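Read the structure below first, then the notes.
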Amino acid sequence: MKQQGIWPYLLLVAGLIGLQFSGSNYLTNLANFVAIQALPAIGLSLLMGYTGQISLGHAAFYGLGAYGSVLLATLLGVNMWLAMVLAAVLVGIAAWALGWLVFRLEGHYLAMATLGFGIIVHVILVEMHDWTGGPNGMTGIEPMNLFGHEFYSDKQVFPIVWGACILGIFFAESLVRSPVGLLMRGVSENGRVVASLGASPDRMKRLVLMVSGIYAAVAGALYARYVGYLSPGPFDVGFSIKLLLMVAIGGFAQIWGVLFGVAFVALVSELLKPLGGYDIIVFGVLLVVAVVYCRDGLLQTLFAGVRGTLRLARKSVS
Amino acid sequence: MTAQTVPAPKRVIDIEAVTMAFGGLTALRDVSFSIFENETVSLIGPNGAGKTTLLNVIAGNLRPSSGRVVLRGEPIQGLPPNEINARGIGRTFQSVEIFATLTVLENAMAGGVAATAIGLAPSFLPWGKARRVQNDLARRAREMLDFVGLSAAADMPGGTLPTGQQRLLGIARVMMSGARVLLLDEPGAGLNETEKSALINVISRLSDKGYTIIVVEHDMALVAQVSDRIVVLDQGRLIADGLPDAVKHDPVVIQAYLGRSHDHGVARLRTQVARSEKLLEIDRLSIRYGGVTALDNANVHVNKGEIVALVGPNGAGKSSLVKAVAGFVKPATGTIRYDGADLRALRSPDAVTRKGVSLVPEGRALFPSLTITDNLALGYYTERFRNWGLRGLIAPGLNRNDAFEERKEIAFRLFPILKERQQQQAGMLSGGQAQMLAIARSLMSNPRLLLLDEPSLGLAPKVIDEILHKLLELRAGGLSILLIEQNAQAALQIADRAYVLSTGRIVADGAADSILADPNIASAYLGWDENKPQAETLRSAVS
Ligand SMILES: Nc1ncnc2c1ncn2[C@@H]1O[C@H](COP(=O)(O)OP(=O)(O)OP(=O)(O)O)[C@@H](O)[C@H]1O
Ligand SMILES: [Mg+2]
């Protein structure tokens, strides 16, 4: 297995610096959301793309991370960063436990079970008024601060969320290229064979679900501090589906592709703002198209298409 | 190791009174035997005898209904498969199960990961422990690939290897897990003679290295060459356990499993001369996948009432050819005419089937969750549609079930076991039983031309013998057959004519007898040589 190259990172950092020079607050804000949403999407790609296990409930981990980190900080009165870590650990444990239950199932049944989990968590966020503020949500969440320095504006948050995102990419890329990554890919092809080689496929699935849950929880916690306001809306099943779309456009088992998928969906979302609630129709169609026509992700399919046309063109010229 | 006093052979595995019942069906009854250190034991027996079931019990894929499996004094029955592997028992599967998207090297490496006990935490960094383990695995994996002779293919995706090499890779992969006891389920199925001798070579070198091996196998020539001891199962019971020579001559074993020798009575049936009216005519057919040419300018024809064999090494383009006839693969150039009609003009495979061409695909493609009867009924739909159009599909009653029952009876007469299991799910069948169902299903559509892709795969010698005879009967009833077989010798014995393919080209064709007799063709393309024809080994194994 090849080592990961440094070039994608350099290109990304160069792009981000360029974006800062453009000075546009709008773009910075958009980029921040791309970084935040990339984390759960990468987590989902580890689970779905590399390990072959579907989850339609990933928004729940994202939401639990967001609400959990804020509640822990206020209830325990601990430092917000510690609360973030605690929330991520708790969500990781919850994901592991969920794995005990749901990985008895496969395919459609697994999809149903995780969908159910996502809905349950969303209902809890809506119904537990005393804790979550119910549909009205929680306001006045303190922004991030470190050594007395506040990270409030889009520009200030930018390095933090992108730092987290790049670390997330780096860890994920290392994982999928490690020996354990081989077993993950083995599980996605045939769990029975993996078991015959001495590794428990169910344990692998639980571990990856745990990692995936932690990715989502960290992103949720960053989101809460960045936006300063939490309501159940962004953590519903619709967001789980959107994550699925990002992963599908990225080509499922391609970490960098998923980052592209997130950016693509973010841009399309902006374009679709005038449609209001009906944008979900467009996303649905996109998901179907991506899964049917772009099995390797949008980028690769486009490249392959361009290459094919070039070859044709060259042929017709000569 | 220095030889001191010869120690008594140590028992590695004791199977103690193992019984395995699936609902009402008892797949293993009170089976007991032991396997000793560094022994190669072959487990043979008819299809459905319980061989795979026994491997599943030992490897932890099934928990026995009663009895014990003891590994070096410790009971292990009922432990999960991964723990059994960790205790040193490794297995391969009857259906080849290579990770298709991993490279050959990665497949081998994956086999060793669990044994390194590398945790999740170090895996998040590309250097340090993960890196060391990775490099170590890669080095050992290369050694293993070298051992089984796959070094050259290290960077190819596992899925692109031919079956024979996939089997060897499966062995290298399970060796990586550190297991010293290997359970191999039909490692020789679907391999040609060249590949088989590579496999035999690997198995005997494993034995030299001190591995203890249990092989399930239907190829008696292979069994004869590797076994120290043979254990025979029949209908879940152990009917013989002894040295190869004794077992091969045991009348009980011959009766239950080996059957009579191959060419018995074949000559008589084949003397009926086929009519020389062309049913299928393939002209300058080429097939390409991406840039790879799988078949190059092939001319093949099948006369009415004829059996034509396509033989040659794996990857020669035989399956591609029949898939093109059946409409599953679009050829690049050439024509396919069947009974005067242009098959390439038909839009889909089902239209080809409606014309009376039926394919038994490699790998069976059964509907695993449906019962045997339902699988057969699906095979019959074409016929229903042909006779009654849509009405036949919507109103299946119509009091015309008689016709279905009749065809079903024909299938059951060929394969009586299917009749006993009518209501069983196809997914629960043993490998050989599944192959029988696949053939039976394709006969349900009442075809005039039957395309058979490796019908003998995974079948017991007695059953191969029976099926080949049944093919002759079907031919006598007017069916034309295009037959692909890795077991070229057997195929050539029943065929009227044959084509020899190698790397996409037809390198020889003619009367089956003359090809069978031509020593040059045999040694160059079919992998046996004059001096030790496989049929001889087989016959001497039987008689
Ligand atoms: N999970 C199952 N449920 C029900 N019946 C089963 C199951 N697995 C196997 N059987 C039945 O048990 C019997 C033994 O099957 P097994 O696969 O062990 O045969 P085998 O000796 O390996 O045959 P083959 O040579 O054809 O592979 C068969 O009759 C099969 O139909
Ligand atoms: Mg079997």
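Every chain in the structure tokens has a letter given in the order shown (A, B, ...), and although residue numbers restart at 1 in each chain, ligands are simply numbered from 1 in the order shown.
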_Surrounding residues of Asn446 in chain B excluding itself and chain neighbours under 5 positions, 9 Å, only C-alpha atoms, as a PyMOL selection string_ = chain B and resi 356-358+380+382-383+407
Once you have the residues from the selection above, write them out as a PDB file, in the first residue's frame, restricted to all heavy atoms.
```
ATOM      1  N   GLY B 356     -34.716 -20.511 -27.585  1.00  0.00           N
ATOM      2  CA  GLY B 356     -34.379 -21.900 -27.324  1.00  0.00           C
ATOM      3  C   GLY B 356     -32.909 -22.148 -27.007  1.00  0.00           C
ATOM      4  O   GLY B 356     -32.411 -23.250 -27.149  1.00  0.00           O
ATOM      5  N   VAL B 357     -32.214 -21.084 -26.588  1.00  0.00           N
ATOM      6  CA  VAL B 357     -30.812 -21.245 -26.194  1.00  0.00           C
ATOM      7  C   VAL B 357     -30.731 -21.034 -24.694  1.00  0.00           C
ATOM      8  O   VAL B 357     -31.180 -20.015 -24.191  1.00  0.00           O
ATOM      9  CB  VAL B 357     -29.914 -20.195 -26.885  1.00  0.00           C
ATOM     10  CG1 VAL B 357     -28.469 -20.368 -26.447  1.00  0.00           C
ATOM     11  CG2 VAL B 357     -30.044 -20.303 -28.387  1.00  0.00           C
ATOM     12  N   SER B 358     -30.198 -21.989 -23.967  1.00  0.00           N
ATOM     13  CA  SER B 358     -30.181 -21.847 -22.516  1.00  0.00           C
ATOM     14  C   SER B 358     -28.765 -22.006 -21.981  1.00  0.00           C
ATOM     15  O   SER B 358     -28.051 -22.922 -22.362  1.00  0.00           O
ATOM     16  CB  SER B 358     -31.113 -22.896 -21.906  1.00  0.00           C
ATOM     17  OG  SER B 358     -31.269 -22.634 -20.544  1.00  0.00           O
ATOM     18  N   TYR B 380     -38.728 -22.115 -15.837  1.00  0.00           N
ATOM     19  CA  TYR B 380     -39.804 -22.534 -16.726  1.00  0.00           C
ATOM     20  C   TYR B 380     -40.555 -21.343 -17.318  1.00  0.00           C
ATOM     21  O   TYR B 380     -41.296 -21.482 -18.278  1.00  0.00           O
ATOM     22  CB  TYR B 380     -40.771 -23.417 -15.937  1.00  0.00           C
ATOM     23  CG  TYR B 380     -41.902 -23.976 -16.745  1.00  0.00           C
ATOM     24  CD1 TYR B 380     -41.674 -24.933 -17.738  1.00  0.00           C
ATOM     25  CD2 TYR B 380     -43.208 -23.540 -16.542  1.00  0.00           C
ATOM     26  CE1 TYR B 380     -42.712 -25.440 -18.482  1.00  0.00           C
ATOM     27  CE2 TYR B 380     -44.261 -24.054 -17.286  1.00  0.00           C
ATOM     28  CZ  TYR B 380     -44.005 -25.002 -18.256  1.00  0.00           C
ATOM     29  OH  TYR B 380     -45.016 -25.503 -19.005  1.00  0.00           O
ATOM     30  N   THR B 382     -39.802 -18.907 -19.217  1.00  0.00           N
ATOM     31  CA  THR B 382     -39.587 -18.645 -20.628  1.00  0.00           C
ATOM     32  C   THR B 382     -40.539 -19.500 -21.466  1.00  0.00           C
ATOM     33  O   THR B 382     -41.167 -19.043 -22.404  1.00  0.00           O
ATOM     34  CB  THR B 382     -38.156 -19.036 -21.034  1.00  0.00           C
ATOM     35  OG1 THR B 382     -37.334 -18.811 -19.921  1.00  0.00           O
ATOM     36  CG2 THR B 382     -37.703 -18.279 -22.216  1.00  0.00           C
ATOM     37  N   GLU B 383     -40.604 -20.765 -21.060  1.00  0.00           N
ATOM     38  CA  GLU B 383     -41.456 -21.700 -21.779  1.00  0.00           C
ATOM     39  C   GLU B 383     -42.921 -21.280 -21.665  1.00  0.00           C
ATOM     40  O   GLU B 383     -43.675 -21.259 -22.636  1.00  0.00           O
ATOM     41  CB  GLU B 383     -41.244 -23.100 -21.184  1.00  0.00           C
ATOM     42  CG  GLU B 383     -42.176 -24.168 -21.677  1.00  0.00           C
ATOM     43  CD  GLU B 383     -41.807 -24.685 -23.054  1.00  0.00           C
ATOM     44  OE1 GLU B 383     -40.946 -24.064 -23.707  1.00  0.00           O
ATOM     45  OE2 GLU B 383     -42.389 -25.694 -23.477  1.00  0.00           O
ATOM     46  N   ARG B 407     -42.098 -31.212 -17.059  1.00  0.00           N
ATOM     47  CA  ARG B 407     -40.697 -30.826 -17.227  1.00  0.00           C
ATOM     48  C   ARG B 407     -39.928 -31.007 -15.920  1.00  0.00           C
ATOM     49  O   ARG B 407     -38.765 -31.365 -15.916  1.00  0.00           O
ATOM     50  CB  ARG B 407     -40.579 -29.369 -17.698  1.00  0.00           C
ATOM     51  CG  ARG B 407     -40.938 -29.199 -19.157  1.00  0.00           C
ATOM     52  CD  ARG B 407     -39.963 -28.281 -19.882  1.00  0.00           C
ATOM     53  NE  ARG B 407     -38.618 -28.836 -20.048  1.00  0.00           N
ATOM     54  CZ  ARG B 407     -38.275 -29.738 -20.961  1.00  0.00           C
ATOM     55  NH1 ARG B 407     -39.157 -30.228 -21.799  1.00  0.00           N
ATOM     56  NH2 ARG B 407     -37.023 -30.153 -21.040  1.00  0.00           N
TER      57      ARG B 407
END
```
*May I ask you to write as number ranges by chain all residues lying at most 12 Å from ligand 2, with only C-alpha atoms and all ligand atoms counted?*
B: 27, 43-56, 92-95, 184-187, 189, 215-218, 233, 428-435, 457-460
Going by DSSP on the backbone, which bits of range 227-291 of chain A are helix (DSSP H, G or I)? Write them as an mmCIF file with N, CA and C atoms, in the first residue's frame, please.
```cif
data_model
loop_
_atom_site.group_PDB
_atom_site.id
_atom_site.type_symbol
_atom_site.label_atom_id
_atom_site.label_comp_id
_atom_site.auth_asym_id
_atom_site.auth_seq_id
_atom_site.Cartn_x
_atom_site.Cartn_y
_atom_site.Cartn_z
ATOM 1 N N VAL A 227 -21.554 28.617 15.447
ATOM 2 C CA VAL A 227 -22.835 29.228 15.129
ATOM 3 C C VAL A 227 -23.422 29.948 16.336
ATOM 4 N N GLY A 233 -33.200 21.214 14.035
ATOM 5 C CA GLY A 233 -33.326 21.179 12.578
ATOM 6 C C GLY A 233 -32.139 20.611 11.811
ATOM 7 N N PRO A 234 -30.935 21.165 12.014
ATOM 8 C CA PRO A 234 -29.793 20.719 11.210
ATOM 9 C C PRO A 234 -29.368 19.276 11.491
ATOM 10 N N PHE A 235 -29.972 18.642 12.499
ATOM 11 C CA PHE A 235 -29.523 17.291 12.865
ATOM 12 C C PHE A 235 -30.564 16.234 12.536
ATOM 13 N N VAL A 237 -32.945 13.723 9.851
ATOM 14 C CA VAL A 237 -32.593 12.681 8.892
ATOM 15 C C VAL A 237 -32.162 13.280 7.551
ATOM 16 N N GLY A 238 -32.729 14.447 7.236
ATOM 17 C CA GLY A 238 -32.345 15.106 5.993
ATOM 18 C C GLY A 238 -30.839 15.310 5.911
ATOM 19 N N PHE A 239 -30.227 15.669 7.066
ATOM 20 C CA PHE A 239 -28.777 15.881 7.035
ATOM 21 C C PHE A 239 -28.032 14.562 6.858
ATOM 22 N N SER A 240 -28.562 13.489 7.441
ATOM 23 C CA SER A 240 -27.934 12.172 7.240
ATOM 24 C C SER A 240 -27.895 11.840 5.753
ATOM 25 N N ILE A 241 -28.997 12.161 5.079
ATOM 26 C CA ILE A 241 -29.075 11.853 3.649
ATOM 27 C C ILE A 241 -28.086 12.722 2.873
ATOM 28 N N LYS A 242 -27.975 13.986 3.325
ATOM 29 C CA LYS A 242 -27.039 14.893 2.667
ATOM 30 C C LYS A 242 -25.604 14.376 2.801
ATOM 31 N N LEU A 243 -25.286 13.848 3.995
ATOM 32 C CA LEU A 243 -23.952 13.262 4.191
ATOM 33 C C LEU A 243 -23.734 12.107 3.223
ATOM 34 N N LEU A 244 -24.789 11.313 3.067
ATOM 35 C CA LEU A 244 -24.723 10.186 2.140
ATOM 36 C C LEU A 244 -24.415 10.690 0.735
ATOM 37 N N LEU A 245 -25.079 11.779 0.370
ATOM 38 C CA LEU A 245 -24.873 12.359 -0.960
ATOM 39 C C LEU A 245 -23.428 12.817 -1.131
ATOM 40 N N MET A 246 -22.892 13.488 -0.074
ATOM 41 C CA MET A 246 -21.503 13.961 -0.148
ATOM 42 C C MET A 246 -20.557 12.789 -0.372
ATOM 43 N N VAL A 247 -20.786 11.708 0.380
ATOM 44 C CA VAL A 247 -19.907 10.542 0.273
ATOM 45 C C VAL A 247 -20.049 9.904 -1.113
ATOM 46 N N ALA A 248 -21.278 9.862 -1.610
ATOM 47 C CA ALA A 248 -21.519 9.243 -2.921
ATOM 48 C C ALA A 248 -20.842 10.052 -4.018
ATOM 49 N N ILE A 249 -20.972 11.367 -3.950
ATOM 50 C CA ILE A 249 -20.342 12.212 -4.967
ATOM 51 C C ILE A 249 -18.826 12.103 -4.883
ATOM 52 N N GLY A 250 -18.331 11.911 -3.647
ATOM 53 C CA GLY A 250 -16.894 11.780 -3.477
ATOM 54 C C GLY A 250 -16.365 10.429 -3.941
ATOM 55 N N ILE A 255 -11.060 9.474 0.539
ATOM 56 C CA ILE A 255 -11.152 10.532 1.539
ATOM 57 C C ILE A 255 -11.135 11.912 0.877
ATOM 58 N N TRP A 256 -10.186 12.131 -0.023
ATOM 59 C CA TRP A 256 -10.098 13.452 -0.652
ATOM 60 C C TRP A 256 -11.315 13.699 -1.539
ATOM 61 N N GLY A 257 -11.789 12.661 -2.164
ATOM 62 C CA GLY A 257 -12.989 12.775 -2.979
ATOM 63 C C GLY A 257 -14.171 13.255 -2.143
ATOM 64 N N VAL A 258 -14.249 12.750 -0.914
ATOM 65 C CA VAL A 258 -15.355 13.146 -0.047
ATOM 66 C C VAL A 258 -15.268 14.635 0.273
ATOM 67 N N LEU A 259 -14.051 15.135 0.476
ATOM 68 C CA LEU A 259 -13.910 16.577 0.731
ATOM 69 C C LEU A 259 -14.472 17.361 -0.455
ATOM 70 N N PHE A 260 -14.169 16.878 -1.656
ATOM 71 C CA PHE A 260 -14.746 17.502 -2.848
ATOM 72 C C PHE A 260 -16.270 17.396 -2.819
ATOM 73 N N GLY A 261 -16.768 16.247 -2.438
ATOM 74 C CA GLY A 261 -18.219 16.034 -2.373
ATOM 75 C C GLY A 261 -18.880 17.032 -1.441
ATOM 76 N N VAL A 262 -18.249 17.260 -0.292
ATOM 77 C CA VAL A 262 -18.817 18.200 0.676
ATOM 78 C C VAL A 262 -18.856 19.604 0.067
ATOM 79 N N ALA A 263 -17.739 20.005 -0.561
ATOM 80 C CA ALA A 263 -17.680 21.336 -1.167
ATOM 81 C C ALA A 263 -18.740 21.465 -2.263
ATOM 82 N N PHE A 264 -18.880 20.420 -3.052
ATOM 83 C CA PHE A 264 -19.843 20.426 -4.143
ATOM 84 C C PHE A 264 -21.262 20.605 -3.605
ATOM 85 N N VAL A 265 -21.596 19.814 -2.582
ATOM 86 C CA VAL A 265 -22.945 19.905 -2.023
ATOM 87 C C VAL A 265 -23.166 21.282 -1.388
ATOM 88 N N ALA A 266 -22.118 21.823 -0.737
ATOM 89 C CA ALA A 266 -22.262 23.141 -0.117
ATOM 90 C C ALA A 266 -22.564 24.193 -1.177
ATOM 91 N N LEU A 267 -21.836 24.128 -2.309
ATOM 92 C CA LEU A 267 -22.058 25.103 -3.378
ATOM 93 C C LEU A 267 -23.458 24.951 -3.971
ATOM 94 N N VAL A 268 -23.839 23.704 -4.231
ATOM 95 C CA VAL A 268 -25.166 23.485 -4.794
ATOM 96 C C VAL A 268 -26.235 23.995 -3.834
ATOM 97 N N SER A 269 -26.027 23.760 -2.519
ATOM 98 C CA SER A 269 -26.996 24.243 -1.528
ATOM 99 C C SER A 269 -27.166 25.750 -1.646
ATOM 100 N N GLU A 270 -26.035 26.452 -1.816
ATOM 101 C CA GLU A 270 -26.100 27.908 -1.961
ATOM 102 C C GLU A 270 -26.924 28.286 -3.184
ATOM 103 N N LEU A 271 -26.654 27.595 -4.300
ATOM 104 C CA LEU A 271 -27.371 27.901 -5.537
ATOM 105 C C LEU A 271 -28.864 27.633 -5.394
ATOM 106 N N LYS A 273 -30.686 27.937 -2.717
ATOM 107 C CA LYS A 273 -31.363 28.700 -1.653
ATOM 108 C C LYS A 273 -32.730 29.210 -2.075
ATOM 109 N N PRO A 274 -32.863 29.765 -3.311
ATOM 110 C CA PRO A 274 -34.176 30.297 -3.714
ATOM 111 C C PRO A 274 -35.282 29.241 -3.699
ATOM 112 N N LEU A 275 -34.918 27.976 -3.797
ATOM 113 C CA LEU A 275 -35.943 26.934 -3.829
ATOM 114 C C LEU A 275 -36.513 26.649 -2.446
ATOM 115 N N GLY A 276 -35.824 27.141 -1.398
ATOM 116 C CA GLY A 276 -36.285 26.879 -0.044
ATOM 117 C C GLY A 276 -36.292 25.402 0.263
ATOM 118 N N GLY A 277 -37.370 24.919 0.846
ATOM 119 C CA GLY A 277 -37.461 23.527 1.290
ATOM 120 C C GLY A 277 -37.443 22.516 0.159
ATOM 121 N N TYR A 278 -37.664 22.996 -1.060
ATOM 122 C CA TYR A 278 -37.744 22.042 -2.172
ATOM 123 C C TYR A 278 -36.371 21.570 -2.664
ATOM 124 N N ASP A 279 -35.318 22.164 -2.088
ATOM 125 C CA ASP A 279 -33.980 21.747 -2.532
ATOM 126 C C ASP A 279 -33.768 20.253 -2.320
ATOM 127 N N ILE A 280 -34.500 19.691 -1.347
ATOM 128 C CA ILE A 280 -34.336 18.262 -1.037
ATOM 129 C C ILE A 280 -34.630 17.406 -2.271
ATOM 130 N N ILE A 281 -35.539 17.910 -3.138
ATOM 131 C CA ILE A 281 -35.864 17.155 -4.362
ATOM 132 C C ILE A 281 -34.623 17.065 -5.244
ATOM 133 N N VAL A 282 -33.958 18.209 -5.403
ATOM 134 C CA VAL A 282 -32.757 18.222 -6.234
ATOM 135 C C VAL A 282 -31.699 17.291 -5.650
ATOM 136 N N PHE A 283 -31.556 17.348 -4.301
ATOM 137 C CA PHE A 283 -30.555 16.478 -3.674
ATOM 138 C C PHE A 283 -30.881 15.003 -3.887
ATOM 139 N N GLY A 284 -32.174 14.695 -3.795
ATOM 140 C CA GLY A 284 -32.587 13.309 -4.015
ATOM 141 C C GLY A 284 -32.195 12.846 -5.405
ATOM 142 N N VAL A 285 -32.502 13.696 -6.398
ATOM 143 C CA VAL A 285 -32.174 13.338 -7.781
ATOM 144 C C VAL A 285 -30.663 13.183 -7.932
ATOM 145 N N LEU A 286 -29.916 14.129 -7.338
ATOM 146 C CA LEU A 286 -28.445 14.063 -7.409
ATOM 147 C C LEU A 286 -27.923 12.750 -6.843
ATOM 148 N N LEU A 287 -28.506 12.343 -5.706
ATOM 149 C CA LEU A 287 -28.051 11.111 -5.057
ATOM 150 C C LEU A 287 -28.251 9.924 -5.991
ATOM 151 N N VAL A 288 -29.443 9.872 -6.596
ATOM 152 C CA VAL A 288 -29.729 8.759 -7.498
ATOM 153 C C VAL A 288 -28.752 8.771 -8.679
ATOM 154 N N VAL A 289 -28.570 9.974 -9.242
ATOM 155 C CA VAL A 289 -27.670 10.074 -10.401
ATOM 156 C C VAL A 289 -26.244 9.658 -10.014
ATOM 157 N N ALA A 290 -25.795 10.159 -8.835
ATOM 158 C CA ALA A 290 -24.431 9.837 -8.416
ATOM 159 C C ALA A 290 -24.255 8.337 -8.234
ATOM 160 N N VAL A 291 -25.253 7.709 -7.615
ATOM 161 C CA VAL A 291 -25.099 6.280 -7.321
ATOM 162 C C VAL A 291 -25.205 5.443 -8.601
#
```
Between chain A and chain B, at 7 Å or less, what are the per-residue closest atom pairs and their distances in Å? Count only C-alpha atoms, order by chain and rising residue number, and return it as CSV.
```
residue,atom,partner,partner_atom,distance
A:Phe171,CA,B:Phe124,CA,4.7
A:Ala172,CA,B:Phe124,CA,6.8
A:Ser174,CA,B:Pro126,CA,5.1
A:Leu175,CA,B:Phe124,CA,4.9
A:Ser178,CA,B:Ser123,CA,5.7
A:Pro179,CA,B:Gln134,CA,5.9
A:Val180,CA,B:Ser123,CA,6.8
A:Leu182,CA,B:Ala110,CA,5.6
A:Leu183,CA,B:Ala110,CA,6.0
A:Gly186,CA,B:Phe99,CA,6.3
A:Glu189,CA,B:Phe99,CA,6.2
A:Ala195,CA,B:Asn82,CA,4.6
A:Ser196,CA,B:Asn82,CA,5.6
A:Leu197,CA,B:Gly111,CA,5.5
A:Gly198,CA,B:Asn82,CA,3.9
A:Ala199,CA,B:Ala114,CA,5.2
A:Ser200,CA,B:Asn82,CA,5.7
```
Residue subset to file, keeping N, CA and C atoms, as an mmCIF file, in the first residue's frame:
```
data_model
loop_
_atom_site.group_PDB
_atom_site.id
_atom_site.type_symbol
_atom_site.label_atom_id
_atom_site.label_comp_id
_atom_site.auth_asym_id
_atom_site.auth_seq_id
_atom_site.Cartn_x
_atom_site.Cartn_y
_atom_site.Cartn_z
ATOM 1 N N PHE A 171 -5.642 11.606 9.680
ATOM 2 C CA PHE A 171 -5.869 10.380 10.452
ATOM 3 C C PHE A 171 -6.596 9.338 9.604
ATOM 4 N N ALA A 172 -7.621 9.802 8.886
ATOM 5 C CA ALA A 172 -8.417 8.850 8.103
ATOM 6 C C ALA A 172 -7.575 8.224 7.000
ATOM 7 N N SER A 174 -4.382 7.822 6.993
ATOM 8 C CA SER A 174 -3.440 6.883 7.591
ATOM 9 C C SER A 174 -4.147 5.573 7.907
ATOM 10 N N LEU A 175 -5.345 5.691 8.479
ATOM 11 C CA LEU A 175 -6.080 4.489 8.885
ATOM 12 C C LEU A 175 -6.346 3.577 7.687
ATOM 13 N N SER A 178 -3.406 1.702 6.592
ATOM 14 C CA SER A 178 -2.714 0.877 7.593
ATOM 15 C C SER A 178 -3.149 -0.579 7.433
ATOM 16 N N PRO A 179 -2.484 -1.490 8.149
ATOM 17 C CA PRO A 179 -2.927 -2.893 8.126
ATOM 18 C C PRO A 179 -4.401 -3.038 8.520
ATOM 19 N N VAL A 180 -4.836 -2.248 9.509
ATOM 20 C CA VAL A 180 -6.240 -2.330 9.909
ATOM 21 C C VAL A 180 -7.148 -1.927 8.739
ATOM 22 N N LEU A 182 -6.686 -2.608 5.704
ATOM 23 C CA LEU A 182 -6.860 -3.788 4.849
ATOM 24 C C LEU A 182 -8.021 -4.638 5.347
ATOM 25 N N LEU A 183 -8.082 -4.795 6.678
ATOM 26 C CA LEU A 183 -9.175 -5.592 7.229
ATOM 27 C C LEU A 183 -10.519 -4.904 7.001
ATOM 28 N N GLY A 186 -11.506 -5.616 3.683
ATOM 29 C CA GLY A 186 -11.891 -7.028 3.659
ATOM 30 C C GLY A 186 -13.311 -7.220 4.165
ATOM 31 N N GLU A 189 -15.895 -6.462 1.689
ATOM 32 C CA GLU A 189 -16.088 -7.454 0.635
ATOM 33 C C GLU A 189 -16.682 -8.747 1.164
ATOM 34 N N ALA A 195 -13.278 -13.235 9.177
ATOM 35 C CA ALA A 195 -13.339 -14.042 10.395
ATOM 36 C C ALA A 195 -12.412 -15.248 10.275
ATOM 37 N N SER A 196 -12.349 -15.835 9.095
ATOM 38 C CA SER A 196 -11.510 -17.022 8.927
ATOM 39 C C SER A 196 -10.036 -16.672 9.013
ATOM 40 N N LEU A 197 -9.719 -15.380 8.955
ATOM 41 C CA LEU A 197 -8.325 -14.958 9.041
ATOM 42 C C LEU A 197 -7.984 -14.451 10.441
ATOM 43 N N GLY A 198 -8.895 -14.666 11.370
ATOM 44 C CA GLY A 198 -8.579 -14.393 12.759
ATOM 45 C C GLY A 198 -9.062 -13.065 13.303
ATOM 46 N N ALA A 199 -9.732 -12.251 12.486
ATOM 47 C CA ALA A 199 -10.242 -10.970 12.983
ATOM 48 C C ALA A 199 -11.762 -11.040 13.047
ATOM 49 N N SER A 200 -12.340 -10.471 14.089
ATOM 50 C CA SER A 200 -13.792 -10.503 14.203
ATOM 51 C C SER A 200 -14.389 -9.369 13.378
#
```
*Among the residues of range 307-454 of chain B, find those DSSP assigns to strand (DSSP E or B) from the backbone and print them as a PyMOL selection string.*
chain B and resi 307-311+333-338+341-342+357-360+371+425+449-453
_Just want the 6 Å neighbourhood of Ile481 in chain B, counted on only C-alpha atoms, with same-chain residues fewer than 6 positions away dropped. Output as number ranges by chain._
B: 307, 449-450
Output N, CA and C atoms for every residue in the selection just made, as a CSV table (one decimal), in the first residue's frame.
```csv
chain,number,residue,atom,x,y,z
B,307,ILE,N,-22.8,-32.8,-29.7
B,307,ILE,CA,-22.2,-32.2,-28.5
B,307,ILE,C,-20.8,-31.7,-29.0
B,449,LEU,N,-30.7,-25.7,-27.7
B,449,LEU,CA,-29.3,-25.6,-27.6
B,449,LEU,C,-28.9,-25.3,-26.2
B,450,LEU,N,-28.1,-26.2,-25.6
B,450,LEU,CA,-27.7,-26.0,-24.2
B,450,LEU,C,-26.3,-25.5,-24.1
```
*Would you kindly return, as a PyMOL selection string, each protein, DNA or RNA residue with an atom no farther than 9 Å from any atom of Gly340 in chain B, considering only C-alpha atoms and excluding same-chain residues fewer than 3 positions away?*
chain B and resi 278-281+337
Selection above as a file: C-alpha atoms, as a tab-separated table (two decimals), in the first residue's frame:
```tsv
chain	number	residue	atom	x	y	z
B	278	LYS	CA	-26.03	-26.32	-38.64
B	279	LEU	CA	-27.93	-25.06	-35.61
B	280	LEU	CA	-25.44	-22.50	-34.35
B	281	GLU	CA	-22.97	-20.77	-36.56
B	337	ARG	CA	-26.51	-17.19	-36.33
```
*Residues at most 10 Å from Pro143 in chain A, counting only C-alpha atoms, excluding those fewer than 5 positions away in the same chain, as a VMD selection string?*
chain A and resid 80 150 to 153 157 222 224 to 228
